[in-house]
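Working notes, structure below.
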Amino acid sequence: MHGKSSELHVRRAKHFGGEISVPGDKSISHRAVMLAALSNGRCEIHGFLPSEDCLCTVSAMRSLGVQIDVLEESAVGPVRLLVHGRGLGLSAPAGEIDCGNSGTTMRLLSGILAGQPFAARLVGDSSLSRRPMGRIVDPLAAMGAQIAAEGPKGCAPLKIAGGGLVGTRYELPVASAQVKSAVLLAGLFAEGKTTVVQPVTTRDHTERMLDFFQVKTVTSGDEIAIYGGQVLESRDFVVPGDISSAAFWAVAAAAFEGSHLTIADVGLNPTRSGILQVLAKMGAHVADSVETDGSGEDRGNITVHGGGLKGIEIGGDIVANIIDELPVIAVAAALAEGTTVIRDAAEPRVKETDRIDAVAGNLRAMGVEVEEAYDGMTIRGGATLRGARLDSFGDHRIAMAFAIAGLFAEGETVITDAGAVNVSYPGFEDDLKALQRPPRKGEGGQTPVITSLPGKAAGRLGEAKGAGSE
Ligand code: S3P
């Protein structure tokens, strides 16, 4: 499967399970490169995700004068980088900066560029050029940056001439870690204190990583404050596996009768691991073992044993935590007995594609009854899925979610434009094949046991099970 126009062919699986580790976390890889670049020295980044999105961040930082060396390549791309930090001062780029398909690159970088005393222009592909940028333009302009969205309806390209920022207090109108991060990063360069207030908790990788680089932020509930002018002390960083990538395998294993799956060394940051709570609430046998390393990010193993799933209601504060997992959760809902209702989830409409529309259309094409709402959908589970020809709409998570659906469908499922998976998961197709290999003689279908901390895991999932309305 090469190039954006390629197809992915999937047939009903006869086996599913084993042990796997997934590539590095996308959100953390972007932030590691950006913060290392702003630090006062050399930083090695281990476990970097060599996906198209994260490589856009690498080339963007290089175009701003940051030297980034590749220390190690895996089969899918560079996984260990040496970033030569420049302190807070970057250089003007020679041309426009291409953020590709990556909202994280464009929005977080805008926060950094708002603090730089030069002009830059950020462009993206056709999907990124349709995504809302007013949400970062408003706070960065309020801090004093000259920033304009040149596309229609407040979209990219973005023209930014930064410098002279003053700290502000900004209440986010939408739950968005990207917007929160853009404002906090701009706050590094601003005079005085910058405070962001978020409507609900969103992923906190930026706060954790700033802390790791010895920058003080003050968090009180959903209010986060940062003082400008602090020095980022250079450090090496180890990126954990991406739980959003692991989610595809966790759903497949949970729905596959008799399967045993272990996903090793995944990020288990509590602002990201809501997928495990959702699966537990659907009746899945899932456990995690959380360990904390010095990086400030929790990590560990996830184990899943396949059995029947049941429909549930999903809404409220957990939605921000599972925002990228909603497409594959919708697939889990189709495979479950009973009805699943997803509400309070309008944000998927402004992701790489309108994910509510894409998921509903593709599920219907497979024979599932789905009602769409502006902020969610109702999915009637339990129907036999029919293989179909499905569009990814150029969206990596739609492509991968429907590859999982294809494992349970009659006949062949073909995902078109499936090269999009490389945006976040290079090697997805190989892993999809590997997990369907029948267990070798003597393995008996059992996954090797991995040391875990069952007490902690059971506690967290136990709480989730009783949580009622989320
Ligand atoms: C991300 C935050 C989320 C998520 C995206 C990555 C991040 O976007 O959907 O894939 O790295 O901060 P929003 O903050 O726009 O919800």
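Going through the structure tokens in order, the chains are called A, B, and so on, while each chain numbers its residues from 1 and the ligands are numbered from 1 in the order shown.
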Contacts to ligand 1 at 6 Å cut-off (only C-alpha atoms and all ligand atoms) as a PyMOL selection string: chain A and resi 27+104+176-178+323-324
Contacts of Arg62 (chain A) at 10 Å (only C-alpha atoms; same-chain gap of 4+ positions) as a PyMOL selection string: chain A and resi 37+56-58+66-69+83+90-91+93
Taking a cut-off of 9 Å and counting only C-alpha atoms, can you build a table that, for each residue of region 156-268 of chain A near region 15-21 of chain A, reports the nearest atom pair and how far apart they are in Å (one decimal), sorted by chain then residue number, as CSV?
residue,atom,partner,partner_atom,distance
A:Gly241,CA,A:Ser21,CA,7.0
A:Ala246,CA,A:Ser21,CA,8.1
A:Trp249,CA,A:Gly17,CA,8.4
A:Ala252,CA,A:Phe16,CA,7.7
A:Ala253,CA,A:Gly17,CA,6.4
A:Phe256,CA,A:Phe16,CA,7.0
A:Gly258,CA,A:Phe16,CA,8.7
A:Ser259,CA,A:Gly17,CA,5.4
A:His260,CA,A:Gly17,CA,5.1
A:Leu261,CA,A:Gly17,CA,4.7
A:Thr262,CA,A:Glu19,CA,4.7
A:Ile263,CA,A:Ile20,CA,5.0
A:Ala264,CA,A:Ser21,CA,4.9
A:Asp265,CA,A:Ser21,CA,6.6
A:Val266,CA,A:Ser21,CA,7.5
For the selection you just gave me, I'd like the residues written to a file as an mmCIF file, in the first residue's frame, keeping C-alpha atoms.
data_model
loop_
_atom_site.group_PDB
_atom_site.id
_atom_site.type_symbol
_atom_site.label_atom_id
_atom_site.label_comp_id
_atom_site.auth_asym_id
_atom_site.auth_seq_id
_atom_site.Cartn_x
_atom_site.Cartn_y
_atom_site.Cartn_z
ATOM 1 C CA GLY A 241 3.364 4.025 21.876
ATOM 2 C CA ALA A 246 -3.552 0.814 19.900
ATOM 3 C CA TRP A 249 -6.350 -3.427 17.847
ATOM 4 C CA ALA A 252 -10.812 -5.739 17.205
ATOM 5 C CA ALA A 253 -9.619 -8.008 20.018
ATOM 6 C CA PHE A 256 -13.297 -11.106 18.485
ATOM 7 C CA GLY A 258 -11.644 -15.981 22.059
ATOM 8 C CA SER A 259 -8.859 -13.582 21.148
ATOM 9 C CA HIS A 260 -5.962 -12.640 23.442
ATOM 10 C CA LEU A 261 -4.064 -9.460 22.733
ATOM 11 C CA THR A 262 -1.267 -7.631 24.513
ATOM 12 C CA ILE A 263 -0.228 -4.166 23.403
ATOM 13 C CA ALA A 264 3.129 -3.332 24.945
ATOM 14 C CA ASP A 265 4.513 0.038 26.047
ATOM 15 C CA VAL A 266 1.612 2.323 25.208
#
Residues of region 65-304 of chain A in helix (DSSP H, G or I), written as a PyMOL selection string: chain A and resi 103-113+128-130+134-142+152-154+177-189+205-212+243-255+274-281
For the selection you just gave me, I'd like the residues written to a file as an mmCIF file, in the first residue's frame, keeping C-alpha atoms.
data_model
loop_
_atom_site.group_PDB
_atom_site.id
_atom_site.type_symbol
_atom_site.label_atom_id
_atom_site.label_comp_id
_atom_site.auth_asym_id
_atom_site.auth_seq_id
_atom_site.Cartn_x
_atom_site.Cartn_y
_atom_site.Cartn_z
ATOM 1 C CA GLY A 103 -3.683 20.271 12.390
ATOM 2 C CA THR A 104 -1.312 19.802 15.322
ATOM 3 C CA THR A 105 1.638 21.161 13.316
ATOM 4 C CA MET A 106 -0.305 24.186 12.098
ATOM 5 C CA ARG A 107 -1.973 25.116 15.387
ATOM 6 C CA LEU A 108 0.912 24.507 17.800
ATOM 7 C CA LEU A 109 3.448 26.070 15.461
ATOM 8 C CA SER A 110 1.235 29.171 15.207
ATOM 9 C CA GLY A 111 1.625 29.599 18.965
ATOM 10 C CA ILE A 112 5.410 29.475 18.620
ATOM 11 C CA LEU A 113 5.490 31.757 15.576
ATOM 12 C CA LEU A 128 -6.284 21.076 6.525
ATOM 13 C CA SER A 129 -7.287 24.119 4.458
ATOM 14 C CA ARG A 130 -10.943 23.436 5.333
ATOM 15 C CA GLY A 134 -10.313 31.168 13.908
ATOM 16 C CA ARG A 135 -9.977 29.253 17.181
ATOM 17 C CA ILE A 136 -6.231 30.019 17.291
ATOM 18 C CA VAL A 137 -6.293 33.329 15.396
ATOM 19 C CA ASP A 138 -8.504 34.955 18.083
ATOM 20 C CA PRO A 139 -6.389 34.244 21.189
ATOM 21 C CA LEU A 140 -3.047 34.815 19.448
ATOM 22 C CA ALA A 141 -4.278 38.154 18.062
ATOM 23 C CA ALA A 142 -5.511 39.074 21.568
ATOM 24 C CA PRO A 152 -12.245 31.319 3.043
ATOM 25 C CA LYS A 153 -14.228 31.186 6.324
ATOM 26 C CA GLY A 154 -11.231 31.737 8.614
ATOM 27 C CA ALA A 177 -5.835 20.606 23.311
ATOM 28 C CA GLN A 178 -4.398 22.102 20.141
ATOM 29 C CA VAL A 179 -5.801 25.549 20.927
ATOM 30 C CA LYS A 180 -4.820 25.278 24.605
ATOM 31 C CA SER A 181 -1.301 24.313 23.531
ATOM 32 C CA ALA A 182 -1.005 27.134 20.973
ATOM 33 C CA VAL A 183 -1.879 29.686 23.669
ATOM 34 C CA LEU A 184 0.471 28.141 26.257
ATOM 35 C CA LEU A 185 3.334 28.044 23.745
ATOM 36 C CA ALA A 186 2.701 31.691 22.835
ATOM 37 C CA GLY A 187 2.679 32.342 26.597
ATOM 38 C CA LEU A 188 6.335 31.237 26.723
ATOM 39 C CA PHE A 189 7.174 34.344 24.695
ATOM 40 C CA HIS A 205 0.832 16.475 27.007
ATOM 41 C CA THR A 206 1.949 20.090 26.529
ATOM 42 C CA GLU A 207 1.697 20.897 30.241
ATOM 43 C CA ARG A 208 3.482 17.665 31.197
ATOM 44 C CA MET A 209 6.244 18.165 28.658
ATOM 45 C CA LEU A 210 6.793 21.825 29.586
ATOM 46 C CA ASP A 211 7.198 20.638 33.156
ATOM 47 C CA PHE A 212 9.667 17.962 31.981
ATOM 48 C CA ILE A 243 -2.943 4.710 22.452
ATOM 49 C CA SER A 244 -4.988 6.083 19.544
ATOM 50 C CA SER A 245 -3.235 3.543 17.269
ATOM 51 C CA ALA A 246 -3.552 0.814 19.900
ATOM 52 C CA ALA A 247 -7.300 1.525 20.006
ATOM 53 C CA PHE A 248 -7.849 -0.153 16.615
ATOM 54 C CA TRP A 249 -6.350 -3.427 17.847
ATOM 55 C CA ALA A 250 -8.043 -3.177 21.240
ATOM 56 C CA VAL A 251 -11.477 -2.862 19.608
ATOM 57 C CA ALA A 252 -10.812 -5.739 17.205
ATOM 58 C CA ALA A 253 -9.619 -8.008 20.018
ATOM 59 C CA ALA A 254 -12.480 -7.018 22.330
ATOM 60 C CA ALA A 255 -15.060 -7.939 19.684
ATOM 61 C CA GLY A 274 -10.785 6.865 27.959
ATOM 62 C CA ILE A 275 -10.994 4.235 25.202
ATOM 63 C CA LEU A 276 -10.234 1.592 27.862
ATOM 64 C CA GLN A 277 -13.080 2.886 30.037
ATOM 65 C CA VAL A 278 -15.431 2.805 27.062
ATOM 66 C CA LEU A 279 -14.476 -0.756 26.151
ATOM 67 C CA ALA A 280 -14.832 -1.858 29.774
ATOM 68 C CA LYS A 281 -18.277 -0.273 29.907
#
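Here CA of Asp204 (chain A) and CA of Tyr425 (chain A) stand 21.6 Å from one another.
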Selection near region 361-368 of chain A, 8 Å with only C-alpha atoms, sequence-local residues under 5 positions removed, as a ChimeraX atom specification: /A:331,334,379-381,383-388,390-391,402,409
Keeping N, CA, C and O atoms for every residue in the selection just given, could you write it to a file as a PDB file, in the first residue's frame?
ATOM      1  N   VAL A 331     -17.409   1.638  15.280  1.00  0.00           N
ATOM      2  CA  VAL A 331     -17.303   0.276  14.722  1.00  0.00           C
ATOM      3  C   VAL A 331     -17.565  -0.749  15.828  1.00  0.00           C
ATOM      4  O   VAL A 331     -18.301  -1.722  15.633  1.00  0.00           O
ATOM      5  N   ALA A 334     -21.184  -1.083  16.325  1.00  0.00           N
ATOM      6  CA  ALA A 334     -21.849  -1.893  15.295  1.00  0.00           C
ATOM      7  C   ALA A 334     -21.676  -3.380  15.583  1.00  0.00           C
ATOM      8  O   ALA A 334     -22.535  -4.189  15.244  1.00  0.00           O
ATOM      9  N   ILE A 379     -26.307   4.070  16.943  1.00  0.00           N
ATOM     10  CA  ILE A 379     -25.901   2.916  16.120  1.00  0.00           C
ATOM     11  C   ILE A 379     -26.581   1.672  16.668  1.00  0.00           C
ATOM     12  O   ILE A 379     -26.457   1.372  17.857  1.00  0.00           O
ATOM     13  N   ARG A 380     -27.310   0.984  15.804  1.00  0.00           N
ATOM     14  CA  ARG A 380     -27.921  -0.279  16.240  1.00  0.00           C
ATOM     15  C   ARG A 380     -26.963  -1.427  15.915  1.00  0.00           C
ATOM     16  O   ARG A 380     -26.674  -1.696  14.752  1.00  0.00           O
ATOM     17  N   GLY A 381     -26.464  -2.038  16.970  1.00  0.00           N
ATOM     18  CA  GLY A 381     -25.458  -3.089  16.806  1.00  0.00           C
ATOM     19  C   GLY A 381     -26.079  -4.437  16.518  1.00  0.00           C
ATOM     20  O   GLY A 381     -27.300  -4.609  16.563  1.00  0.00           O
ATOM     21  N   ALA A 383     -26.115  -6.346  13.733  1.00  0.00           N
ATOM     22  CA  ALA A 383     -26.398  -6.800  12.359  1.00  0.00           C
ATOM     23  C   ALA A 383     -25.146  -7.474  11.788  1.00  0.00           C
ATOM     24  O   ALA A 383     -24.030  -7.160  12.214  1.00  0.00           O
ATOM     25  N   THR A 384     -25.349  -8.367  10.834  1.00  0.00           N
ATOM     26  CA  THR A 384     -24.181  -8.961  10.172  1.00  0.00           C
ATOM     27  C   THR A 384     -23.586  -7.923   9.225  1.00  0.00           C
ATOM     28  O   THR A 384     -24.303  -7.378   8.383  1.00  0.00           O
ATOM     29  N   LEU A 385     -22.310  -7.636   9.383  1.00  0.00           N
ATOM     30  CA  LEU A 385     -21.687  -6.632   8.512  1.00  0.00           C
ATOM     31  C   LEU A 385     -21.441  -7.238   7.132  1.00  0.00           C
ATOM     32  O   LEU A 385     -21.029  -8.382   7.015  1.00  0.00           O
ATOM     33  N   ARG A 386     -21.696  -6.411   6.115  1.00  0.00           N
ATOM     34  CA  ARG A 386     -21.416  -6.828   4.730  1.00  0.00           C
ATOM     35  C   ARG A 386     -20.178  -6.107   4.248  1.00  0.00           C
ATOM     36  O   ARG A 386     -20.060  -4.895   4.430  1.00  0.00           O
ATOM     37  N   GLY A 387     -19.262  -6.842   3.621  1.00  0.00           N
ATOM     38  CA  GLY A 387     -18.104  -6.191   3.011  1.00  0.00           C
ATOM     39  C   GLY A 387     -18.568  -5.198   1.956  1.00  0.00           C
ATOM     40  O   GLY A 387     -19.610  -5.415   1.323  1.00  0.00           O
ATOM     41  N   ALA A 388     -17.857  -4.098   1.803  1.00  0.00           N
ATOM     42  CA  ALA A 388     -18.282  -3.068   0.847  1.00  0.00           C
ATOM     43  C   ALA A 388     -17.041  -2.307   0.389  1.00  0.00           C
ATOM     44  O   ALA A 388     -15.955  -2.480   0.953  1.00  0.00           O
ATOM     45  N   LEU A 390     -15.422   1.130   0.498  1.00  0.00           N
ATOM     46  CA  LEU A 390     -15.616   2.272   1.398  1.00  0.00           C
ATOM     47  C   LEU A 390     -14.542   3.322   1.182  1.00  0.00           C
ATOM     48  O   LEU A 390     -13.361   2.991   1.035  1.00  0.00           O
ATOM     49  N   ASP A 391     -14.935   4.570   1.237  1.00  0.00           N
ATOM     50  CA  ASP A 391     -13.975   5.669   1.074  1.00  0.00           C
ATOM     51  C   ASP A 391     -13.376   6.012   2.429  1.00  0.00           C
ATOM     52  O   ASP A 391     -14.097   6.046   3.439  1.00  0.00           O
ATOM     53  N   PHE A 402     -12.363   1.348   9.493  1.00  0.00           N
ATOM     54  CA  PHE A 402     -13.136   0.459   8.616  1.00  0.00           C
ATOM     55  C   PHE A 402     -12.340  -0.763   8.177  1.00  0.00           C
ATOM     56  O   PHE A 402     -12.926  -1.772   7.776  1.00  0.00           O
ATOM     57  N   ALA A 409     -16.599  -8.629   8.610  1.00  0.00           N
ATOM     58  CA  ALA A 409     -17.646  -8.549   7.586  1.00  0.00           C
ATOM     59  C   ALA A 409     -17.633  -9.763   6.663  1.00  0.00           C
ATOM     60  O   ALA A 409     -16.596 -10.386   6.451  1.00  0.00           O
TER      61      ALA A 409
END
Spatial neighbours of Arg12 (chain A), 7 Å, only C-alpha atoms, chain gap at least 3 places, as a list in words: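 After dropping sequence-adjacent residues, the list is Gly406, Leu407, Phe408, Ala409, Glu410 and Gly411 of chain A.
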Which of region 187-244 of chain A DSSP labels strand (DSSP E), written as a count of residues only: 16
Close residues, Ser74 (chain A) itself excluded, 12 Å, only C-alpha atoms, min 3 positions apart in chain, as a ChimeraX atom specification: /A:23-24,46-51,70-71,77-81,426-427
Atoms to include: all heavy atoms. Write the selected residues as a compact mmCIF listing (two decimals), in the first residue's frame.
# COMPACT_ATOMS: atom_id res chain seq x y z
N PRO A 23 3.54 2.14 16.98
CA PRO A 23 4.50 3.24 16.84
C PRO A 23 4.22 4.37 17.84
O PRO A 23 3.17 4.41 18.48
CB PRO A 23 4.28 3.72 15.41
CG PRO A 23 3.53 2.64 14.71
CD PRO A 23 2.77 1.90 15.75
N GLY A 24 5.18 5.28 17.92
CA GLY A 24 5.16 6.35 18.92
C GLY A 24 3.92 7.23 18.86
O GLY A 24 3.25 7.34 17.83
N HIS A 46 13.63 9.56 21.56
CA HIS A 46 13.54 8.11 21.27
C HIS A 46 12.08 7.76 21.05
O HIS A 46 11.19 8.30 21.71
CB HIS A 46 14.05 7.30 22.47
CG HIS A 46 15.48 7.55 22.79
ND1 HIS A 46 16.45 6.60 22.66
CD2 HIS A 46 16.12 8.67 23.21
CE1 HIS A 46 17.62 7.12 22.99
NE2 HIS A 46 17.44 8.38 23.34
N GLY A 47 11.83 6.82 20.14
CA GLY A 47 10.46 6.36 19.93
C GLY A 47 9.61 7.36 19.15
O GLY A 47 8.38 7.28 19.17
N PHE A 48 10.29 8.27 18.42
CA PHE A 48 9.58 9.26 17.60
C PHE A 48 8.68 8.53 16.59
O PHE A 48 9.06 7.49 16.04
CB PHE A 48 10.62 10.13 16.88
CG PHE A 48 10.04 11.10 15.89
CD1 PHE A 48 9.42 12.25 16.32
CD2 PHE A 48 10.11 10.84 14.51
CE1 PHE A 48 8.87 13.14 15.40
CE2 PHE A 48 9.57 11.72 13.60
CZ PHE A 48 8.95 12.87 14.04
N LEU A 49 7.51 9.10 16.32
CA LEU A 49 6.59 8.52 15.34
C LEU A 49 6.95 9.04 13.94
O LEU A 49 6.78 10.23 13.66
CB LEU A 49 5.15 8.91 15.66
CG LEU A 49 4.11 8.58 14.57
CD1 LEU A 49 3.98 7.08 14.37
CD2 LEU A 49 2.76 9.19 14.92
N PRO A 50 7.44 8.15 13.05
CA PRO A 50 7.84 8.64 11.72
C PRO A 50 6.65 8.67 10.76
O PRO A 50 6.69 8.09 9.68
CB PRO A 50 8.89 7.63 11.28
CG PRO A 50 8.51 6.36 11.97
CD PRO A 50 7.77 6.72 13.24
N SER A 51 5.59 9.33 11.15
CA SER A 51 4.41 9.41 10.28
C SER A 51 4.45 10.72 9.50
O SER A 51 5.20 11.64 9.84
CB SER A 51 3.15 9.37 11.14
OG SER A 51 2.95 10.62 11.77
N VAL A 70 18.92 12.60 12.16
CA VAL A 70 18.30 11.28 12.36
C VAL A 70 19.37 10.35 12.90
O VAL A 70 20.39 10.13 12.25
CB VAL A 70 17.73 10.75 11.03
CG1 VAL A 70 17.23 9.31 11.21
CG2 VAL A 70 16.61 11.65 10.53
N LEU A 71 19.15 9.78 14.09
CA LEU A 71 20.13 8.88 14.69
C LEU A 71 19.81 7.43 14.39
O LEU A 71 20.69 6.58 14.44
CB LEU A 71 20.19 9.08 16.21
CG LEU A 71 20.58 10.48 16.70
CD1 LEU A 71 20.64 10.50 18.23
CD2 LEU A 71 21.92 10.91 16.13
N GLY A 77 10.70 4.54 8.97
CA GLY A 77 11.21 5.92 8.99
C GLY A 77 12.00 6.22 10.26
O GLY A 77 12.25 5.31 11.07
N PRO A 78 12.41 7.49 10.41
CA PRO A 78 13.27 7.85 11.55
C PRO A 78 12.56 7.72 12.89
O PRO A 78 11.46 8.22 13.07
CB PRO A 78 13.62 9.31 11.28
CG PRO A 78 12.61 9.81 10.32
CD PRO A 78 12.13 8.64 9.53
N VAL A 79 13.20 7.03 13.84
CA VAL A 79 12.58 6.81 15.15
C VAL A 79 13.41 7.39 16.30
O VAL A 79 12.97 7.43 17.44
CB VAL A 79 12.32 5.31 15.43
CG1 VAL A 79 11.18 4.79 14.56
CG2 VAL A 79 13.58 4.48 15.21
N ARG A 80 14.67 7.80 15.98
CA ARG A 80 15.48 8.46 17.03
C ARG A 80 16.10 9.70 16.41
O ARG A 80 16.78 9.62 15.38
CB ARG A 80 16.54 7.50 17.56
CG ARG A 80 17.23 8.03 18.81
CD ARG A 80 17.80 6.89 19.66
NE ARG A 80 18.80 6.12 18.95
CZ ARG A 80 20.11 6.38 18.99
NH1 ARG A 80 20.58 7.37 19.72
NH2 ARG A 80 20.95 5.63 18.31
N LEU A 81 15.82 10.83 17.03
CA LEU A 81 16.24 12.11 16.48
C LEU A 81 17.15 12.82 17.48
O LEU A 81 17.00 12.64 18.69
CB LEU A 81 15.04 13.02 16.22
CG LEU A 81 13.91 12.49 15.33
CD1 LEU A 81 12.77 13.51 15.28
CD2 LEU A 81 14.44 12.22 13.92
N PRO A 426 2.29 4.50 10.12
CA PRO A 426 3.02 3.77 9.08
C PRO A 426 3.21 2.34 9.57
O PRO A 426 3.50 2.12 10.74
CB PRO A 426 4.36 4.53 9.00
CG PRO A 426 4.50 5.26 10.30
CD PRO A 426 3.10 5.53 10.80
N GLY A 427 2.99 1.38 8.69
CA GLY A 427 3.13 -0.03 9.11
C GLY A 427 1.80 -0.64 9.55
O GLY A 427 1.76 -1.80 9.96
Distance criterion (only C-alpha atoms): nearest to Asp125 (chain A) out of A:Gly394, A:Ala190, A:Ala175, A:Ile160: A:Gly394
Could you give me, as an mmCIF file with C-alpha atoms, in the first residue's frame, the residues within 10 Å of Gly192 (chain A), counting only C-alpha atoms and dropping anything in the same chain fewer than 3 positions from it?
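Final output, out-v1.cif:
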data_model
loop_
_atom_site.group_PDB
_atom_site.id
_atom_site.type_symbol
_atom_site.label_atom_id
_atom_site.label_comp_id
_atom_site.auth_asym_id
_atom_site.auth_seq_id
_atom_site.Cartn_x
_atom_site.Cartn_y
_atom_site.Cartn_z
ATOM 1 C CA LEU A 165 3.186 39.435 23.007
ATOM 2 C CA VAL A 166 1.449 40.280 26.242
ATOM 3 C CA GLY A 167 -0.004 37.613 28.533
ATOM 4 C CA THR A 168 -3.756 37.215 28.567
ATOM 5 C CA GLY A 187 2.679 32.342 26.597
ATOM 6 C CA LEU A 188 6.335 31.237 26.723
ATOM 7 C CA PHE A 189 7.174 34.344 24.695
ATOM 8 C CA ILE A 226 2.352 30.042 32.377
ATOM 9 C CA TYR A 227 4.827 32.928 32.864
ATOM 10 C CA GLY A 228 6.759 34.077 29.813
ATOM 11 C CA GLY A 229 10.535 34.132 29.413
#
Distance query region 6-9 of chain A at most 9 Å, only C-alpha atoms, self and fewer than 4 positions along chain excluded, as a ChimeraX atom specification: /A:1-2,399,403,406,412-420,429
Counting only C-alpha atoms, the option among A:Asp430, A:Glu233, A:Asp317, A:Asp222 closest to Gly87 (chain A):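 Using only C-alpha atoms, the shortest distance to Gly87 (chain A) belongs to A:Glu233.
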Residue with smallest distance to Val423 (chain A) - pool A:Asn101, A:Ser127, A:Ser273, A:Ser63, counting only C-alpha atoms: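 So, comparing all the options, the nearest one is A:Asn101.
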